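Trainee: Right, I'll just put the structure down here and ask away after.
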Amino acid sequence: MRGIAVLIVVLFHAFPSLIAGGFVGVDLFFVISGFLISKILITNLEQKTFTYADFYARRIRRIFPALILVLAASLAFGWFALFPDELKLLGKHIVGGAGFVSNIFLWFEVGYFDTAAETKPLLHLWSLGIEEQFYIFWPILLVLAFKFRANLLKLTLILLAASLLVNVAGVERFPSASFYSIASRAWELLIGALLAHLSLQKVSVFFGGVRRRLGGEGGIDTQPLFDSNSPAGRDLLSFAGLALIVAACVFVRGNKGFPGWWALLPTLGAGLLIAAGPGGWVNRVILSNRLVVWIGLISYPLYLWHWPLLSFAQIIESGVPALQIRIWAVVGAVLLAWLTYFLVERPIRRQGSRHPAVAVVLALLMVATAGVGGWVYQNEGLPLRKSIVENADLQKSLIVVEDRENAAACKKRYGFDTLWEYCLLAKPDAAPTVALVGDSHAYHVVAGLTKYYGERGENVWNLGTRIPFFGVKAGLNDPYQEATPKMLEAAVSTESVKLVILSTILKLNDDTEEGRLLVEQFRTTLKKFLDAGKQVTYFYDVPTLNFDPRACIKRAGIASSTTNLRCSMDAAEFRKAVEAHNRIVASVLKEFPSVSTFSPASYLCDEKECKAMIGDKLMYRDTNHLSYDGDLYIGAKFAEEQRAREAARK
């Protein structure tokens with residue numbers, strides 16, 4: 001089963017269109033782990049041979065060797081190949097992986113400026129965090145249950161039901177927490193634990209009855225619908241389990257509220273396969289196949305190796321790697337997993353059973369690994385490494401620049417007390433005169449506009465929103481949109497503000513009822529600001545690149561097949577993408593002739609190309625946000641236009 005589980009995950013990560021729901025392989029691992037470890041724990045407790053020291057020493061010998069090797073190899077590769085911001089994030093995730101808290105780190109990383117999952121080489125360690133956190137509390141509960149002679153079946157069922165309830169109740173409103181939290185995932189391991197208990201009690205797990213009328217006397221008897229201890233019953237259980245797992249791979253999607261109820265498909269499927277035992281047809285024919293068994297043997301190191309290789313390929317290629325690269329990454333992961341198992345895992349486990357000090361040494365090595373990761377993180381990804389100094393200035397362009405002290409002072413002044421209520425004020429002690437209102441596509445022009453207006457004695461106030469239109473309702477779990485009305489009202493009601501600049505990534509369309517409503521809300525917003533006596537400037541958006549601007553920067557010693565030497569995209573592609581939006585905006589603005597506009601694209605694009613790099617400066621930090629240099633460049637062009645307009649009026 002472990003072989004099938006890891007194959008599903010690896011194929012999904014390497015070829016997502018092949019098995020769209022392949023991430024459910026992790027859920028199979030949870031059930032398998034819960035079954036195997038719980039069976040060991042319960043057996044040891046029944047035989048009175050359980051000790052915490054022995055249990056955790058065995059976990060260390062099982063988990064630490066391959067994990068230390070993968071963490072160290074990832075750091076070594078990152079040292080030579082990654083830019084400072086990338087290596088800094090890797091250092092943080094090494095700490096999370098070594099401390100088995102990756103799931104918690106990732107839970108709190110999901111946010112407005114978050115890095116794409118594909119560029120986190122240790123993302124997959126979240127599942128290891130869930131498992132090891134479970135094995136901190138579960139042995140303690142089992143020991144207490146045995147000590148006080150509690151009903152183990154009832155205890156397991158109560159905990160399982162509570163965790164499942166947390167999962168189902170929170171998956172829509174708190175999707176990140178439901179995915180990464182031990183509280184909402186423990187039920188999957190507890191399914192395995194329940195099966196372990198039942199198997200040790202020799203219970204026929206699935207035993208149904210059917211009442212039927214017998215003979216001429218009309219007597220009634222109860223006969224088994226099927227007996228899970230019979231060959232036919234075991235076969236039926238195994239087929240049902242396989243069917244549920246296949247259904248999960250076909251129908252489950254990450255955007256369908258997973259885990260939630262959907263997670264019952266793979267977990268119950270895994271449970272049925274375990275319940276069928278080795279005699280079930282699927283188990284004795286498919287799962288006992290030599291190749292599947294061999295993959296199962298190397299499943300743990302294969303799981304550890306495959307994602308860093310694919311993720312590093314994604315980082316180096318600045319996008320989805322070519323099919324050939326992904327195939328070689330999978331082949332490389334299998335080879336490394338085989339070498340890790342036979343040269344590292346197996347020898348250490350054998351020696352460790354005879355030498356208790358092995359577990360202590362492994363624990364110290366893991367602490368040292370975490371320490372190195374923390375050092376890398378604290379030192380900002382080591383920007384003075386020889387391998388990356390050559391392009392240091394360009395690499396700085398990839399980093400979000402934020403004046404946190406200014407933001408804190410601004411929020412304090414206006415009573416904004418949540419993460420979602422965001423503002424910057426050029427002169428925190430003075431009244432604002434220019435309000436720059438919008439999402440991150442307003443934030444990425446704040447430096448250039450602040451420079452221009454500051455030279456004119458104005459005070460720029462950046463108010464962070466989601467969709468910066470009056471009347472837009474917040475969707476489920478969208479705190480930024482919930483905070484947006486407060487930002488808009490602040491801009492309207494602040495008398496010192498004479499000019500409002502609107503900037504957003506949102507593209508308008510009138511093809512749907514929702515789209516037409518947004519157009520009307522845009523119109524209402526303009527009218528509300530103008531009625532309040534404000535001047536209004538609408539910022540058209542910057543072109544969204546069809547490549548990652550990181551591809552414009554050479555990585556020392558790393559050959560990349562997709563390095564974008566031209567560092568630009570076809571202008572025709574951009575114009576086609578915004579054609580409908582520009583038409584709608586122009587139509588609405590005809591109703592408000594006093595509203596001025598500015599188009600950054602006219603300075604980033606010519607007739608043929610939209611450029612990510614102008615001169616020796618990188619204009620973008622990702623596909624759709626300007627870098628700090630790009631911010632200043634666009635601000636300077638905005639200033640030129642304003643001065644030209646002033647001169648024309650004179």
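Following the order of the structure tokens, first chain is A, next is B, and so on, with residues numbered from 1 inside each chain and ligands from 1 in the order they appear.
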Taking only residues of range 406-488 of chain A that have an atom at most 7 Å from an atom of range 498-507 of chain A, what is each one's shortest atom pair and its distance in Å to one decimal, using only C-alpha atoms, in chain and number order, as a Markdown table?
Mentor:
| residue | atom | partner | partner_atom | distance |
| --- | --- | --- | --- | --- |
| A:Thr433 | CA | A:Lys498 | CA | 5.6 |
| A:Val434 | CA | A:Leu499 | CA | 4.9 |
| A:Ala435 | CA | A:Val500 | CA | 4.8 |
| A:Leu436 | CA | A:Ile501 | CA | 4.7 |
| A:Val437 | CA | A:Leu502 | CA | 5.1 |
| A:Gly438 | CA | A:Ser503 | CA | 5.1 |
| A:Asp439 | CA | A:Thr504 | CA | 5.5 |
| A:His441 | CA | A:Thr504 | CA | 5.1 |
| A:Ala442 | CA | A:Ser503 | CA | 4.9 |
Trainee: Can you pull out the residues contacting Gly3 in chain A? Cut-off 6 Å, using only C-alpha atoms, and skip same-chain residues under 4 positions away; I want them as a list of chain:residue names.
Mentor: A:Val292, A:Ile295, A:Gly296, A:Ser299
Trainee: Compare A:Lys528, A:Ala196, A:Leu28, A:Ala357 by their minimum atom-to-atom distance to Ile4 in chain A, counting only C-alpha atoms, and give me the closest one.
Mentor: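 With only C-alpha atoms as the atom set, the closest residue is A:Leu28.
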Trainee: What's the 12 Å shell around Ser318 in chain A, counting only C-alpha atoms, without same-chain residues fewer than 4 positions away, as a PyMOL selection string?
Mentor: chain A and resi 82+116+118-119+311-314+322+546-555+560-564+622-623
Trainee: Output C-alpha atoms for every residue in that selection, as a PDB file, in the first residue's frame.
Mentor:
ATOM      1  CA  LEU A  82      19.298  30.001  -4.918  1.00  0.00           C
ATOM      2  CA  ALA A 116       4.014  29.872  -4.780  1.00  0.00           C
ATOM      3  CA  GLU A 118       5.878  24.967  -6.275  1.00  0.00           C
ATOM      4  CA  THR A 119       8.911  27.017  -5.239  1.00  0.00           C
ATOM      5  CA  SER A 311      10.670  22.096  -6.888  1.00  0.00           C
ATOM      6  CA  PHE A 312      14.294  23.033  -7.569  1.00  0.00           C
ATOM      7  CA  ALA A 313      13.667  22.337 -11.257  1.00  0.00           C
ATOM      8  CA  GLN A 314      10.668  24.687 -11.094  1.00  0.00           C
ATOM      9  CA  ALA A 322       9.854  20.652 -19.552  1.00  0.00           C
ATOM     10  CA  ASN A 546       4.034  35.246 -19.270  1.00  0.00           C
ATOM     11  CA  PHE A 547       7.331  34.308 -17.610  1.00  0.00           C
ATOM     12  CA  ASP A 548       8.951  34.725 -14.213  1.00  0.00           C
ATOM     13  CA  PRO A 549      11.379  37.690 -14.215  1.00  0.00           C
ATOM     14  CA  ARG A 550      13.781  35.523 -12.220  1.00  0.00           C
ATOM     15  CA  ALA A 551      14.476  33.891 -15.569  1.00  0.00           C
ATOM     16  CA  CYS A 552      16.242  37.111 -16.610  1.00  0.00           C
ATOM     17  CA  ILE A 553      18.909  36.609 -13.955  1.00  0.00           C
ATOM     18  CA  LYS A 554      21.679  34.089 -14.521  1.00  0.00           C
ATOM     19  CA  ARG A 555      22.219  31.568 -11.752  1.00  0.00           C
ATOM     20  CA  SER A 560      18.729  26.673 -17.614  1.00  0.00           C
ATOM     21  CA  SER A 561      16.892  25.825 -20.785  1.00  0.00           C
ATOM     22  CA  THR A 562      14.347  28.582 -20.313  1.00  0.00           C
ATOM     23  CA  THR A 563      16.476  31.530 -19.207  1.00  0.00           C
ATOM     24  CA  ASN A 564      14.734  34.445 -20.885  1.00  0.00           C
ATOM     25  CA  ASP A 622       7.271  38.626 -10.074  1.00  0.00           C
ATOM     26  CA  THR A 623       4.994  38.186 -13.060  1.00  0.00           C
TER      27      THR A 623
END
Trainee: Counting only C-alpha atoms, give me one row per residue of range 466-524 of chain A with an atom at most 9 Å from an atom of range 567-581 of chain A, showing the shortest contact pair and its distance in Å to one decimal, sorted by chain then residue number, as a tab-separated table.
Mentor:
residue	atom	partner	partner_atom	distance
A:Lys507	CA	A:His581	CA	5.5
A:Leu508	CA	A:His581	CA	4.9
A:Asn509	CA	A:His581	CA	6.0
A:Asp510	CA	A:Ala580	CA	8.5
Trainee: Take the selection from the previous step and output its residues with C-alpha atoms, as an mmCIF file, in the first residue's frame.
Mentor:
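Below is the file that was written, part-v6.cif:
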data_model
loop_
_atom_site.group_PDB
_atom_site.id
_atom_site.type_symbol
_atom_site.label_atom_id
_atom_site.label_comp_id
_atom_site.auth_asym_id
_atom_site.auth_seq_id
_atom_site.Cartn_x
_atom_site.Cartn_y
_atom_site.Cartn_z
ATOM 1 C CA LYS A 507 -9.887 43.418 -14.871
ATOM 2 C CA LEU A 508 -13.465 44.431 -15.652
ATOM 3 C CA ASN A 509 -15.744 42.508 -17.971
ATOM 4 C CA ASP A 510 -19.399 42.763 -18.867
#
Trainee: I need the helix (DSSP H, G or I) residues of range 413-595 of chain A per DSSP on the backbone, written as number ranges by chain.
Mentor: A: 413-414, 440-443, 446-455, 479-493, 513-531, 549-552, 571-589
Trainee: Determine the nearest neighbour of Leu45 in chain A from the options A:Leu364, A:Ala20, A:Leu141, A:Ala474, counting only C-alpha atoms.
Mentor: A:Leu141
Trainee: Which residues are near Gly332 in chain A? Cut-off 9 Å, only C-alpha atoms, ignore same chain within fewer than 5 positions. Put them as a count of residues only.
Mentor: 5
Trainee: If I take CA of Gly34 in chain A and CA of Ala193 in chain A, how far is one from the other in Å, to one decimal?
Mentor: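 Answer for the CA of Gly34 in chain A to CA of Ala193 in chain A separation: 4.9 Å.
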Trainee: In terms of the shortest atom-to-atom distance over only C-alpha atoms, which of A:Val282, A:Phe64, A:Val168, A:Ser33 is closest to Leu189 in chain A?
Mentor: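 Between A:Val282, A:Phe64, A:Val168, A:Ser33, the residue approaching Leu189 in chain A most closely is A:Ser33.
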Trainee: Point out the residue among A:Gly373, A:Leu323, A:Leu463, A:Gly533 with the least atom-to-atom distance to Gly96 in chain A, counting only C-alpha atoms.
Mentor: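 Ranked by minimum distance to Gly96 in chain A, first place goes to A:Gly373.
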Trainee: Measuring between only C-alpha atoms, which one of A:Val446, A:Ala329, A:Leu365, A:Gly381 shows the shortest distance to Asp403 in chain A?
Mentor: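 Answer, going by the shortest atom-to-atom distance: A:Val446.
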Trainee: What residues in range 436-568 of chain A get the DSSP label strand (DSSP E or B)? Please answer as a list of chain:residue names.
Mentor: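 Of range 436-568 of chain A, only A:Leu436, A:Val437, A:Gly438, A:Val460, A:Trp461, A:Asn462, A:Leu463, A:Gly464, A:Leu499, A:Val500, A:Ile501, A:Leu502, A:Ser503, A:Gln535, A:Val536, A:Thr537, A:Tyr538, A:Phe539, A:Ser568 fall in strand (DSSP E or B).
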Trainee: Can you list, as a list in words, every protein, DNA or RNA residue that comes within 9 Å of range 147-154 of chain A when you count only C-alpha atoms, leaving out same-chain residues fewer than 5 positions away?
Mentor: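 Final neighbour list, sorted by chain and number: Leu142, Leu159, Leu194, His197 and Leu198 of chain A.
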Trainee: Please list as a PyMOL selection string every residue within 9 Å of Glu380 in chain A, counting only C-alpha atoms and excluding residues in the same chain fewer than 2 positions away.
Mentor: chain A and resi 84-85+87-89+375-378+382-383
Trainee: Go ahead and dump the residues you just picked, C-alpha atoms, as a compact mmCIF listing (two decimals), in the first residue's frame.
Mentor:
# COMPACT_ATOMS: atom_id res chain seq x y z
CA PRO A 84 19.01 35.22 -1.11
CA ASP A 85 15.21 35.43 -0.70
CA LEU A 87 17.65 30.54 0.38
CA LYS A 88 16.24 32.46 3.32
CA LEU A 89 12.86 30.75 2.87
CA TRP A 375 21.41 30.71 10.76
CA VAL A 376 20.73 30.98 7.03
CA TYR A 377 17.32 32.48 7.73
CA GLN A 378 18.63 34.97 10.27
CA LEU A 382 23.51 34.91 2.80
CA PRO A 383 23.50 37.62 0.11
